[in-house]
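Chemist: Dropping in run-v7.cif, which is mmCIF, C-alpha atoms; chains and numbers go by the auth columns:
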```cif
data_data
loop_
_atom_site.group_PDB
_atom_site.id
_atom_site.type_symbol
_atom_site.label_atom_id
_atom_site.label_comp_id
_atom_site.label_asym_id
_atom_site.label_seq_id
_atom_site.Cartn_x
_atom_site.Cartn_y
_atom_site.Cartn_z
_atom_site.B_iso_or_equiv
_atom_site.auth_seq_id
_atom_site.auth_asym_id
ATOM 1 C CA MET A 1 292.969 122.493 171.593 0.00 767 A
ATOM 2 C CA ALA A 2 289.396 121.439 172.357 0.00 768 A
ATOM 3 C CA HIS A 3 288.627 117.827 171.549 0.00 769 A
ATOM 4 C CA ASP A 4 285.821 118.762 169.149 0.00 770 A
ATOM 5 C CA ALA A 5 288.325 120.909 167.231 0.00 771 A
ATOM 6 C CA LEU A 6 290.811 118.076 166.706 0.00 772 A
ATOM 7 C CA PRO A 7 290.920 116.665 163.170 0.00 773 A
ATOM 8 C CA ASP A 8 289.438 113.230 162.459 0.00 774 A
ATOM 9 C CA LEU A 9 292.440 110.992 161.812 0.00 775 A
ATOM 10 C CA THR A 10 290.249 108.366 160.128 0.00 776 A
ATOM 11 C CA ALA A 11 289.596 110.884 157.325 0.00 777 A
ATOM 12 C CA TYR A 12 293.179 110.485 156.098 0.00 778 A
ATOM 13 C CA ASP A 13 294.621 107.686 153.962 0.00 779 A
ATOM 14 C CA ALA A 14 297.001 106.468 156.688 0.00 780 A
ATOM 15 C CA VAL A 15 298.554 107.346 160.042 0.00 781 A
ATOM 16 C CA LEU A 16 302.283 106.859 160.566 0.00 782 A
ATOM 17 C CA PHE A 17 303.475 106.721 164.173 0.00 783 A
ATOM 18 C CA ASP A 18 306.837 107.211 165.780 0.00 784 A
ATOM 19 C CA LEU A 19 307.365 104.528 168.428 0.00 785 A
ATOM 20 C CA ASP A 20 309.321 105.678 171.476 0.00 786 A
ATOM 21 C CA GLY A 21 307.290 108.248 173.399 0.00 787 A
ATOM 22 C CA VAL A 22 304.312 107.998 171.039 0.00 788 A
ATOM 23 C CA LEU A 23 303.126 104.394 171.172 0.00 789 A
ATOM 24 C CA THR A 24 305.190 103.138 174.101 0.00 790 A
ATOM 25 C CA PRO A 25 306.954 104.853 177.012 0.00 791 A
ATOM 26 C CA THR A 26 310.284 103.469 175.848 0.00 792 A
ATOM 27 C CA ALA A 27 311.485 107.051 175.491 0.00 793 A
ATOM 28 C CA GLU A 28 311.823 107.056 179.275 0.00 794 A
ATOM 29 C CA VAL A 29 313.990 103.939 179.108 0.00 795 A
ATOM 30 C CA HIS A 30 316.076 105.522 176.337 0.00 796 A
ATOM 31 C CA MET A 31 316.436 108.718 178.357 0.00 797 A
ATOM 32 C CA HIS A 32 317.612 106.782 181.402 0.00 798 A
ATOM 33 C CA ALA A 33 320.047 104.698 179.350 0.00 799 A
ATOM 34 C CA TRP A 34 321.510 107.744 177.591 0.00 800 A
ATOM 35 C CA GLN A 35 321.851 109.663 180.857 0.00 801 A
ATOM 36 C CA SER A 36 323.567 106.806 182.691 0.00 802 A
ATOM 37 C CA MET A 37 325.980 106.169 179.848 0.00 803 A
ATOM 38 C CA PHE A 38 326.858 109.808 179.126 0.00 804 A
ATOM 39 C CA GLU A 39 327.250 110.793 182.779 0.00 805 A
ATOM 40 C CA GLU A 40 329.797 107.999 183.172 0.00 806 A
ATOM 41 C CA LEU A 41 331.533 108.919 179.908 0.00 807 A
ATOM 42 C CA PHE A 42 331.667 112.645 180.686 0.00 808 A
ATOM 43 C CA ALA A 43 333.146 111.930 184.118 0.00 809 A
ATOM 44 C CA ALA A 44 335.771 109.584 182.677 0.00 810 A
ATOM 45 C CA TRP A 45 336.750 112.008 179.898 0.00 811 A
ATOM 46 C CA ASP A 46 336.369 115.177 182.008 0.00 812 A
ATOM 47 C CA ILE A 47 333.821 116.621 179.548 0.00 813 A
ATOM 48 C CA THR A 48 331.947 119.797 180.483 0.00 814 A
ATOM 49 C CA PRO A 49 329.329 121.087 180.777 0.00 815 A
ATOM 50 C CA PRO A 50 327.680 118.044 182.362 0.00 816 A
ATOM 51 C CA TYR A 51 324.953 116.062 180.630 0.00 817 A
ATOM 52 C CA THR A 52 321.416 117.374 181.205 0.00 818 A
ATOM 53 C CA GLU A 53 317.909 116.228 180.284 0.00 819 A
ATOM 54 C CA ARG A 54 317.795 119.005 177.666 0.00 820 A
ATOM 55 C CA ASP A 55 320.653 117.268 175.839 0.00 821 A
ATOM 56 C CA TYR A 56 318.320 114.351 175.171 0.00 822 A
ATOM 57 C CA PHE A 57 315.699 116.526 173.456 0.00 823 A
ATOM 58 C CA ASP A 58 318.239 118.701 171.625 0.00 824 A
ATOM 59 C CA HIS A 59 320.657 116.062 170.338 0.00 825 A
ATOM 60 C CA LEU A 60 319.357 112.489 170.789 0.00 826 A
ATOM 61 C CA ASP A 61 315.576 112.288 170.662 0.00 827 A
ATOM 62 C CA GLY A 62 314.279 110.855 167.373 0.00 828 A
ATOM 63 C CA LYS A 63 317.685 110.415 165.747 0.00 829 A
ATOM 64 C CA LYS A 64 319.464 107.245 164.757 0.00 830 A
ATOM 65 C CA ARG A 65 321.645 106.105 167.638 0.00 831 A
ATOM 66 C CA TYR A 66 325.065 106.881 166.158 0.00 832 A
ATOM 67 C CA ASP A 67 323.955 110.229 164.715 0.00 833 A
ATOM 68 C CA GLY A 68 322.753 111.168 168.191 0.00 834 A
ATOM 69 C CA VAL A 69 326.079 110.235 169.788 0.00 835 A
ATOM 70 C CA ALA A 70 327.998 112.278 167.231 0.00 836 A
ATOM 71 C CA ALA A 71 325.657 115.278 167.657 0.00 837 A
ATOM 72 C CA LEU A 72 325.923 115.307 171.439 0.00 838 A
ATOM 73 C CA LEU A 73 329.696 114.916 171.474 0.00 839 A
ATOM 74 C CA ARG A 74 329.961 117.662 168.860 0.00 840 A
ATOM 75 C CA SER A 75 327.966 119.960 171.153 0.00 841 A
ATOM 76 C CA ARG A 76 330.865 119.591 173.621 0.00 842 A
ATOM 77 C CA ASP A 77 333.507 120.045 170.904 0.00 843 A
ATOM 78 C CA VAL A 78 334.474 116.390 171.180 0.00 844 A
ATOM 79 C CA GLU A 79 335.272 114.357 168.065 0.00 845 A
ATOM 80 C CA VAL A 80 335.999 110.629 168.069 0.00 846 A
ATOM 81 C CA PRO A 81 336.370 108.165 165.178 0.00 847 A
ATOM 82 C CA TRP A 82 333.046 106.933 163.789 0.00 848 A
ATOM 83 C CA GLY A 83 334.096 103.286 163.981 0.00 849 A
ATOM 84 C CA ASP A 84 331.851 100.457 162.814 0.00 850 A
ATOM 85 C CA PRO A 85 328.455 99.138 164.018 0.00 851 A
ATOM 86 C CA SER A 86 330.229 95.921 164.998 0.00 852 A
ATOM 87 C CA ASP A 87 332.419 97.800 167.517 0.00 853 A
ATOM 88 C CA PRO A 88 332.175 96.427 171.069 0.00 854 A
ATOM 89 C CA PRO A 89 330.566 98.654 173.721 0.00 855 A
ATOM 90 C CA THR A 90 334.028 99.258 175.180 0.00 856 A
ATOM 91 C CA ALA A 91 335.302 100.964 172.001 0.00 857 A
ATOM 92 C CA ASP A 92 335.823 104.724 172.212 0.00 858 A
ATOM 93 C CA THR A 93 334.176 105.340 168.853 0.00 859 A
ATOM 94 C CA VAL A 94 330.793 106.804 167.945 0.00 860 A
ATOM 95 C CA CYS A 95 329.515 103.293 167.225 0.00 861 A
ATOM 96 C CA GLY A 96 331.075 101.826 170.353 0.00 862 A
ATOM 97 C CA ILE A 97 329.529 104.526 172.541 0.00 863 A
ATOM 98 C CA GLY A 98 326.156 104.002 170.861 0.00 864 A
ATOM 99 C CA ASN A 99 326.420 100.257 171.438 0.00 865 A
ATOM 100 C CA ARG A 100 327.296 100.932 175.069 0.00 866 A
ATOM 101 C CA LYS A 101 324.034 102.805 175.520 0.00 867 A
ATOM 102 C CA ASN A 102 322.067 100.116 173.703 0.00 868 A
ATOM 103 C CA ALA A 103 323.343 97.429 176.060 0.00 869 A
ATOM 104 C CA VAL A 104 321.841 99.391 178.973 0.00 870 A
ATOM 105 C CA PHE A 105 318.555 99.849 177.096 0.00 871 A
ATOM 106 C CA GLU A 106 318.219 96.156 176.241 0.00 872 A
ATOM 107 C CA ARG A 107 318.957 95.138 179.821 0.00 873 A
ATOM 108 C CA VAL A 108 316.216 97.414 181.185 0.00 874 A
ATOM 109 C CA LEU A 109 313.708 96.319 178.519 0.00 875 A
ATOM 110 C CA ARG A 110 314.269 92.621 179.256 0.00 876 A
ATOM 111 C CA ALA A 111 314.087 93.152 183.009 0.00 877 A
ATOM 112 C CA GLU A 112 311.060 95.434 183.147 0.00 878 A
ATOM 113 C CA GLY A 113 309.155 94.853 179.891 0.00 879 A
ATOM 114 C CA ILE A 114 307.022 97.544 178.273 0.00 880 A
ATOM 115 C CA ALA A 115 303.345 98.344 177.746 0.00 881 A
ATOM 116 C CA PRO A 116 301.800 100.714 175.190 0.00 882 A
ATOM 117 C CA TYR A 117 300.290 103.980 176.338 0.00 883 A
ATOM 118 C CA PRO A 118 296.579 103.257 176.983 0.00 884 A
ATOM 119 C CA GLY A 119 295.550 106.330 174.992 0.00 885 A
ATOM 120 C CA SER A 120 297.673 105.272 172.023 0.00 886 A
ATOM 121 C CA LEU A 121 296.123 101.812 172.154 0.00 887 A
ATOM 122 C CA ARG A 122 292.634 103.318 172.087 0.00 888 A
ATOM 123 C CA LEU A 123 293.524 105.391 169.042 0.00 889 A
ATOM 124 C CA LEU A 124 294.927 102.312 167.300 0.00 890 A
ATOM 125 C CA ASP A 125 291.648 100.509 168.031 0.00 891 A
ATOM 126 C CA LEU A 126 289.706 103.423 166.549 0.00 892 A
ATOM 127 C CA LEU A 127 291.842 103.478 163.400 0.00 893 A
ATOM 128 C CA ALA A 128 291.603 99.700 163.005 0.00 894 A
ATOM 129 C CA ALA A 129 287.812 99.839 163.263 0.00 895 A
ATOM 130 C CA ALA A 130 287.765 102.483 160.532 0.00 896 A
ATOM 131 C CA GLY A 131 290.123 100.492 158.323 0.00 897 A
ATOM 132 C CA THR A 132 292.779 103.220 158.351 0.00 898 A
ATOM 133 C CA PRO A 133 296.252 101.789 157.563 0.00 899 A
ATOM 134 C CA VAL A 134 298.951 102.427 160.171 0.00 900 A
ATOM 135 C CA ALA A 135 302.736 102.169 160.205 0.00 901 A
ATOM 136 C CA VAL A 136 305.615 102.677 162.612 0.00 902 A
ATOM 137 C CA VAL A 137 308.463 105.031 161.705 0.00 903 A
ATOM 138 C CA SER A 138 311.237 104.690 164.261 0.00 904 A
ATOM 139 C CA SER A 139 314.919 105.537 164.298 0.00 905 A
ATOM 140 C CA SER A 140 315.470 102.732 166.795 0.00 906 A
ATOM 141 C CA LYS A 141 317.071 99.430 165.860 0.00 907 A
ATOM 142 C CA ASN A 142 315.100 97.957 168.774 0.00 908 A
ATOM 143 C CA ALA A 143 311.694 98.765 167.276 0.00 909 A
ATOM 144 C CA GLU A 144 310.761 95.170 166.427 0.00 910 A
ATOM 145 C CA GLU A 145 311.735 93.988 169.909 0.00 911 A
ATOM 146 C CA VAL A 146 309.820 96.820 171.595 0.00 912 A
ATOM 147 C CA LEU A 147 306.678 96.266 169.499 0.00 913 A
ATOM 148 C CA ALA A 148 306.766 92.554 170.250 0.00 914 A
ATOM 149 C CA ALA A 149 307.306 93.157 173.972 0.00 915 A
ATOM 150 C CA ALA A 150 304.353 95.586 173.984 0.00 916 A
ATOM 151 C CA GLY A 151 302.143 93.055 172.190 0.00 917 A
ATOM 152 C CA ILE A 152 301.284 95.343 169.271 0.00 918 A
ATOM 153 C CA ARG A 153 303.582 94.196 166.446 0.00 919 A
ATOM 154 C CA ASP A 154 300.746 92.570 164.519 0.00 920 A
ATOM 155 C CA ARG A 155 298.870 95.873 164.252 0.00 921 A
ATOM 156 C CA PHE A 156 301.360 97.321 161.748 0.00 922 A
ATOM 157 C CA ALA A 157 301.812 96.183 158.163 0.00 923 A
ATOM 158 C CA VAL A 158 304.897 98.392 157.885 0.00 924 A
ATOM 159 C CA VAL A 159 307.653 98.985 160.438 0.00 925 A
ATOM 160 C CA MET A 160 310.262 101.406 159.117 0.00 926 A
ATOM 161 C CA ASP A 161 313.069 101.195 161.708 0.00 927 A
ATOM 162 C CA GLY A 162 316.728 101.926 162.251 0.00 928 A
ATOM 163 C CA VAL A 163 317.739 98.559 160.806 0.00 929 A
ATOM 164 C CA ILE A 164 316.077 99.343 157.471 0.00 930 A
ATOM 165 C CA ALA A 165 317.335 102.938 157.535 0.00 931 A
ATOM 166 C CA GLU A 166 320.926 101.740 157.940 0.00 932 A
ATOM 167 C CA ARG A 167 320.535 99.008 155.310 0.00 933 A
ATOM 168 C CA ASP A 168 319.082 101.418 152.756 0.00 934 A
ATOM 169 C CA HIS A 169 321.341 104.359 153.700 0.00 935 A
ATOM 170 C CA LEU A 170 318.420 106.602 154.635 0.00 936 A
ATOM 171 C CA ALA A 171 319.264 109.851 156.392 0.00 937 A
ATOM 172 C CA SER A 172 318.302 110.192 160.035 0.00 938 A
ATOM 173 C CA LYS A 173 315.479 112.429 161.221 0.00 939 A
ATOM 174 C CA PRO A 174 315.130 115.460 160.845 0.00 940 A
ATOM 175 C CA ALA A 175 315.649 114.557 157.164 0.00 941 A
ATOM 176 C CA PRO A 176 312.349 113.386 155.624 0.00 942 A
ATOM 177 C CA ASP A 177 313.731 110.123 154.221 0.00 943 A
ATOM 178 C CA VAL A 178 312.372 107.608 156.752 0.00 944 A
ATOM 179 C CA PHE A 179 308.835 109.015 156.815 0.00 945 A
ATOM 180 C CA VAL A 180 308.684 109.274 153.029 0.00 946 A
ATOM 181 C CA GLU A 181 309.986 105.721 152.632 0.00 947 A
ATOM 182 C CA ALA A 182 307.466 104.389 155.166 0.00 948 A
ATOM 183 C CA ALA A 183 304.650 106.028 153.197 0.00 949 A
ATOM 184 C CA ARG A 184 305.971 104.417 150.025 0.00 950 A
ATOM 185 C CA MET A 185 306.100 101.013 151.764 0.00 951 A
ATOM 186 C CA LEU A 186 302.513 101.536 152.922 0.00 952 A
ATOM 187 C CA GLN A 187 301.561 102.651 149.388 0.00 953 A
ATOM 188 C CA VAL A 188 300.117 105.994 150.454 0.00 954 A
ATOM 189 C CA GLU A 189 300.928 109.607 149.655 0.00 955 A
ATOM 190 C CA PRO A 190 302.344 111.791 152.446 0.00 956 A
ATOM 191 C CA ALA A 191 300.111 114.632 151.235 0.00 957 A
ATOM 192 C CA ARG A 192 297.057 112.535 152.204 0.00 958 A
ATOM 193 C CA SER A 193 298.457 111.032 155.404 0.00 959 A
ATOM 194 C CA VAL A 194 299.176 111.819 159.062 0.00 960 A
ATOM 195 C CA ALA A 195 302.502 111.632 160.911 0.00 961 A
ATOM 196 C CA VAL A 196 302.582 111.451 164.721 0.00 962 A
ATOM 197 C CA GLU A 197 305.760 112.386 166.598 0.00 963 A
ATOM 198 C CA ASP A 198 306.971 113.454 170.033 0.00 964 A
ATOM 199 C CA ALA A 199 310.502 114.447 169.030 0.00 965 A
ATOM 200 C CA ILE A 200 311.448 117.796 167.539 0.00 966 A
ATOM 201 C CA SER A 201 313.634 116.078 164.950 0.00 967 A
ATOM 202 C CA GLY A 202 310.765 113.716 164.101 0.00 968 A
ATOM 203 C CA VAL A 203 308.285 116.557 163.640 0.00 969 A
ATOM 204 C CA GLN A 204 310.814 118.302 161.395 0.00 970 A
ATOM 205 C CA SER A 205 311.200 115.067 159.416 0.00 971 A
ATOM 206 C CA ALA A 206 307.449 114.650 158.871 0.00 972 A
ATOM 207 C CA ALA A 207 306.988 118.328 158.007 0.00 973 A
ATOM 208 C CA ALA A 208 309.815 118.140 155.467 0.00 974 A
ATOM 209 C CA GLY A 209 308.191 115.027 154.017 0.00 975 A
ATOM 210 C CA GLY A 210 305.059 116.985 153.150 0.00 976 A
ATOM 211 C CA PHE A 211 302.570 115.156 155.363 0.00 977 A
ATOM 212 C CA ALA A 212 299.067 116.572 155.337 0.00 978 A
ATOM 213 C CA LEU A 213 298.874 116.590 159.124 0.00 979 A
ATOM 214 C CA VAL A 214 301.764 116.467 161.576 0.00 980 A
ATOM 215 C CA VAL A 215 300.672 115.699 165.136 0.00 981 A
ATOM 216 C CA GLY A 216 303.039 116.508 167.974 0.00 982 A
ATOM 217 C CA VAL A 217 302.695 114.585 171.230 0.00 983 A
ATOM 218 C CA ASP A 218 304.208 116.661 174.014 0.00 984 A
ATOM 219 C CA ARG A 219 306.036 114.241 176.312 0.00 985 A
ATOM 220 C CA GLY A 220 308.524 116.886 177.393 0.00 986 A
ATOM 221 C CA ALA A 221 309.845 118.555 174.248 0.00 987 A
ATOM 222 C CA GLY A 222 307.451 121.484 174.749 0.00 988 A
ATOM 223 C CA GLU A 223 304.394 122.556 172.765 0.00 989 A
ATOM 224 C CA GLU A 224 305.967 125.738 171.390 0.00 990 A
ATOM 225 C CA ASP A 225 309.067 123.899 170.185 0.00 991 A
ATOM 226 C CA LEU A 226 306.964 121.189 168.508 0.00 992 A
ATOM 227 C CA VAL A 227 304.848 123.813 166.722 0.00 993 A
ATOM 228 C CA GLU A 228 307.971 125.691 165.662 0.00 994 A
ATOM 229 C CA ALA A 229 309.361 122.421 164.279 0.00 995 A
ATOM 230 C CA GLY A 230 306.275 122.001 162.099 0.00 996 A
ATOM 231 C CA ALA A 231 303.511 120.334 164.121 0.00 997 A
ATOM 232 C CA HIS A 232 300.017 121.388 163.031 0.00 998 A
ATOM 233 C CA VAL A 233 298.412 120.061 166.214 0.00 999 A
ATOM 234 C CA VAL A 234 299.953 119.294 169.625 0.00 1000 A
ATOM 235 C CA VAL A 235 298.300 117.029 172.216 0.00 1001 A
ATOM 236 C CA GLN A 236 299.390 115.721 175.589 0.00 1002 A
ATOM 237 C CA ASP A 237 298.184 112.184 174.843 0.00 1003 A
ATOM 238 C CA LEU A 238 296.749 110.413 171.802 0.00 1004 A
ATOM 239 C CA GLU A 239 293.657 109.531 173.814 0.00 1005 A
ATOM 240 C CA GLU A 240 292.465 113.028 172.914 0.00 1006 A
ATOM 241 C CA PHE A 241 291.806 111.759 169.376 0.00 1007 A
ATOM 242 C CA ALA A 242 289.873 108.729 170.629 0.00 1008 A
ATOM 243 C CA ARG A 243 287.303 110.524 172.801 0.00 1009 A
#
```
What does the file become when written as structure tokens?
Modeler:
Amino acid sequence: MAHDALPDLTAYDAVLFDLDGVLTPTAEVHMHAWQSMFEELFAAWDITPPYTERDYFDHLDGKKRYDGVAALLRSRDVEVPWGDPSDPPTADTVCGIGNRKNAVFERVLRAEGIAPYPGSLRLLDLLAAAGTPVAVVSSSKNAEEVLAAAGIRDRFAVVMDGVIAERDHLASKPAPDVFVEAARMLQVEPARSVAVEDAISGVQSAAAGGFALVVGVDRGAGEEDLVEAGAHVVVQDLEEFAR
């Protein structure tokens, strides 16, 4: 889409952003952590077919950690006990496997740090100058840590993350619950607000929540799939809105 044809995001009451893959390139860290963990698990359990990058987009991207584990294992006809979030990473439960992946993610984040996408930062600057409220809507329980590491936590009055979702028993994306709750926390109506997502499940969540504009950021999910999921506009980078 031509830049002059893109909608003006400052014309809406608020803009709600997914985090991983939208504001920060943590999606790449998540992808690496998931791949490393599942390749080892599949080899140990003799699970076929092998893990592929498509598995990330189809079963993990945008979902709460444990829901993603269960979905991916189910795609291989593998069922394990759900367990408890307090399970150690060595436990062969959904929660234990999810915690195993998270240990890898945290280690990489601490070692390498993270920086926001420059284009996303420019859009945040533009929205701040216009006085447009912004929020983060993330399935990750690491959202606060990632935002702090990226130096942008203070830009958001509301951070709706996996910790809150679990505490309040909110359904994982693609259900609309987390986006709708974030809008309520920000005291805006979805029908007058924008949701920005890079995950198919996240786009489906925002679309189901009745957001006036759903922006898809194509970091690998594919433009056609994002549009099919409910995105009204798809861009390669959020800088396109800041030009």
Chemist: Take the point (298.1, 99.0, 162.4) as written in the file and pick out every residue within 7 Å of it, counting all atoms listed in the file; give the list as a PDB file with C-alpha atoms, in the frame of the given file.
Modeler:
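The resulting part.pdb:
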```
ATOM      1  CA  LEU A 890     294.927 102.312 167.300  1.00  0.00           C
ATOM      2  CA  ALA A 894     291.603  99.700 163.005  1.00  0.00           C
ATOM      3  CA  PRO A 899     296.252 101.789 157.563  1.00  0.00           C
ATOM      4  CA  VAL A 900     298.951 102.427 160.171  1.00  0.00           C
ATOM      5  CA  ALA A 901     302.736 102.169 160.205  1.00  0.00           C
ATOM      6  CA  ARG A 921     298.870  95.873 164.252  1.00  0.00           C
ATOM      7  CA  PHE A 922     301.360  97.321 161.748  1.00  0.00           C
ATOM      8  CA  ALA A 923     301.812  96.183 158.163  1.00  0.00           C
TER       9      ALA A 923
END
```
Chemist: Could you check how far atom CA of Val860 of chain A sits from atom CA of Asp784 of chain A, in Å to one decimal?
Modeler: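 Atom-to-atom, atom CA of Val860 of chain A and atom CA of Asp784 of chain A are spaced 24.1 Å apart.
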Chemist: Just the residues within 12 Å of Thr856 of chain A, please, counting all atoms listed in the file, with nothing from its chain fewer than 6 positions along; format it as a compact mmCIF listing (two decimals) with C-alpha atoms, in the coordinates of the input.
Modeler:
```
# COMPACT_ATOMS: atom_id res chain seq x y z
CA MET A 803 325.98 106.17 179.85
CA LEU A 807 331.53 108.92 179.91
CA GLY A 849 334.10 103.29 163.98
CA GLY A 862 331.08 101.83 170.35
CA ILE A 863 329.53 104.53 172.54
CA GLY A 864 326.16 104.00 170.86
CA ASN A 865 326.42 100.26 171.44
CA ARG A 866 327.30 100.93 175.07
CA LYS A 867 324.03 102.80 175.52
CA ALA A 869 323.34 97.43 176.06
```
Chemist: Taking the file as I've supplied it (selection: the PyMOL selection byres ((chain A and resi 870-882) around 12)), which residues are included? Please answer as number ranges by chain.
Modeler: A: 785-804, 831, 855, 863-869, 883-890, 906-909, 911-919, 1004
Chemist: Choose the residue, out of A:Thr818, A:His825, A:Ala972, A:Val844, that has the smallest atom-to-atom separation from Ala948 of chain A; count all atoms listed in the file.
Modeler: A:Ala972
Chemist: Selected by the PyMOL selection byres ((chain A and resi 927) around 9) in the shown coordinates: which residues, as an mmCIF file with C-alpha atoms, in the frame of the given file?
Modeler:
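Dumped everything to part_6.cif:
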```cif
data_model
loop_
_atom_site.group_PDB
_atom_site.id
_atom_site.type_symbol
_atom_site.label_atom_id
_atom_site.label_comp_id
_atom_site.auth_asym_id
_atom_site.auth_seq_id
_atom_site.Cartn_x
_atom_site.Cartn_y
_atom_site.Cartn_z
ATOM 1 C CA VAL A 902 305.615 102.677 162.612
ATOM 2 C CA VAL A 903 308.463 105.031 161.705
ATOM 3 C CA SER A 904 311.237 104.690 164.261
ATOM 4 C CA SER A 905 314.919 105.537 164.298
ATOM 5 C CA SER A 906 315.470 102.732 166.795
ATOM 6 C CA LYS A 907 317.071 99.430 165.860
ATOM 7 C CA ASN A 908 315.100 97.957 168.774
ATOM 8 C CA ALA A 909 311.694 98.765 167.276
ATOM 9 C CA GLU A 910 310.761 95.170 166.427
ATOM 10 C CA VAL A 925 307.653 98.985 160.438
ATOM 11 C CA MET A 926 310.262 101.406 159.117
ATOM 12 C CA GLY A 928 316.728 101.926 162.251
ATOM 13 C CA VAL A 929 317.739 98.559 160.806
ATOM 14 C CA ILE A 930 316.077 99.343 157.471
ATOM 15 C CA ALA A 931 317.335 102.938 157.535
ATOM 16 C CA GLU A 932 320.926 101.740 157.940
ATOM 17 C CA VAL A 944 312.372 107.608 156.752
#
```
Chemist: Assuming the chain letters and numbering stay as they are in my file, what does the PyMOL selection byres ((chain A and resi 941) around 12) actually select? List them as a ChimeraX atom specification.
Modeler: /A:828-830,905,931,936-940,942-947,966-976
Chemist: Find the smallest box with edges along x, y and z containing every listed atom of segment 944-947 of chain A, then add 6 Å on each side and report centre and edge lengths in Å to one decimal, as lines of an AutoDock Vina configuration file.
Modeler:
```
center_x = 310.5
center_y = 107.5
center_z = 154.7
size_x = 15.7
size_y = 15.6
size_z = 16.2
```
Chemist: Within 12 Å of Thr898 of chain A, counting all atoms listed in the file, which residues show up once you throw out same-chain ones fewer than 2 positions away? Write them as a compact mmCIF listing (two decimals) with C-alpha atoms, in the coordinates of the input, please.
Modeler:
```
# COMPACT_ATOMS: atom_id res chain seq x y z
CA ASP A 774 289.44 113.23 162.46
CA LEU A 775 292.44 110.99 161.81
CA THR A 776 290.25 108.37 160.13
CA ALA A 777 289.60 110.88 157.32
CA TYR A 778 293.18 110.48 156.10
CA ASP A 779 294.62 107.69 153.96
CA ALA A 780 297.00 106.47 156.69
CA VAL A 781 298.55 107.35 160.04
CA LEU A 782 302.28 106.86 160.57
CA LEU A 889 293.52 105.39 169.04
CA LEU A 890 294.93 102.31 167.30
CA ASP A 891 291.65 100.51 168.03
CA LEU A 892 289.71 103.42 166.55
CA LEU A 893 291.84 103.48 163.40
CA ALA A 894 291.60 99.70 163.00
CA ALA A 895 287.81 99.84 163.26
CA ALA A 896 287.76 102.48 160.53
CA VAL A 900 298.95 102.43 160.17
CA ALA A 901 302.74 102.17 160.21
CA ARG A 921 298.87 95.87 164.25
CA PHE A 922 301.36 97.32 161.75
CA ALA A 923 301.81 96.18 158.16
CA LEU A 952 302.51 101.54 152.92
CA VAL A 954 300.12 105.99 150.45
CA ARG A 958 297.06 112.54 152.20
CA SER A 959 298.46 111.03 155.40
CA VAL A 960 299.18 111.82 159.06
```
Chemist: When distances are computed from only C-alpha atoms, which of A:Ala857, A:Val1000, A:Leu838, A:Val962 shows the smallest separation from Leu826 of chain A?
Modeler: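 Checking each of A:Ala857, A:Val1000, A:Leu838, A:Val962 against Leu826 of chain A, counting only C-alpha atoms, the winner is A:Leu838.
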Chemist: Provide the atom CA of Phe783 of chain A to atom CA of Asp991 of chain A distance in Å, to one decimal place.
Modeler: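 Atom-to-atom, atom CA of Phe783 of chain A and atom CA of Asp991 of chain A are spaced 19.0 Å apart.
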Chemist: Nearest to Ala997 of chain A: which of A:Val983, A:Thr859, A:Arg1009, A:Tyr817 is it, counting all atoms listed in the file?
Modeler: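 Of all the options, A:Val983 lies closest to Ala997 of chain A.
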Chemist: Between atom CA of Arg842 of chain A and atom CA of Ile813 of chain A, what distance in Å does the model show, to one decimal?
Modeler: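 Rounded to one decimal, the two atoms are 7.3 Å apart.
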Chemist: From the list A:Ala949, A:Ala965, A:Ala957, A:Leu992, which residue is nearest Leu979 of chain A when using all atoms listed in the file?
Modeler: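 Among the listed residues, A:Ala957 lies closest to Leu979 of chain A.
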Chemist: Write out as an MDAnalysis selection string which residues come within 9 Å of Pro816 of chain A when counting all atoms listed in the file, dropping same-chain ones fewer than 6 positions away.
Modeler: chainID A and resid 804:805 808:809
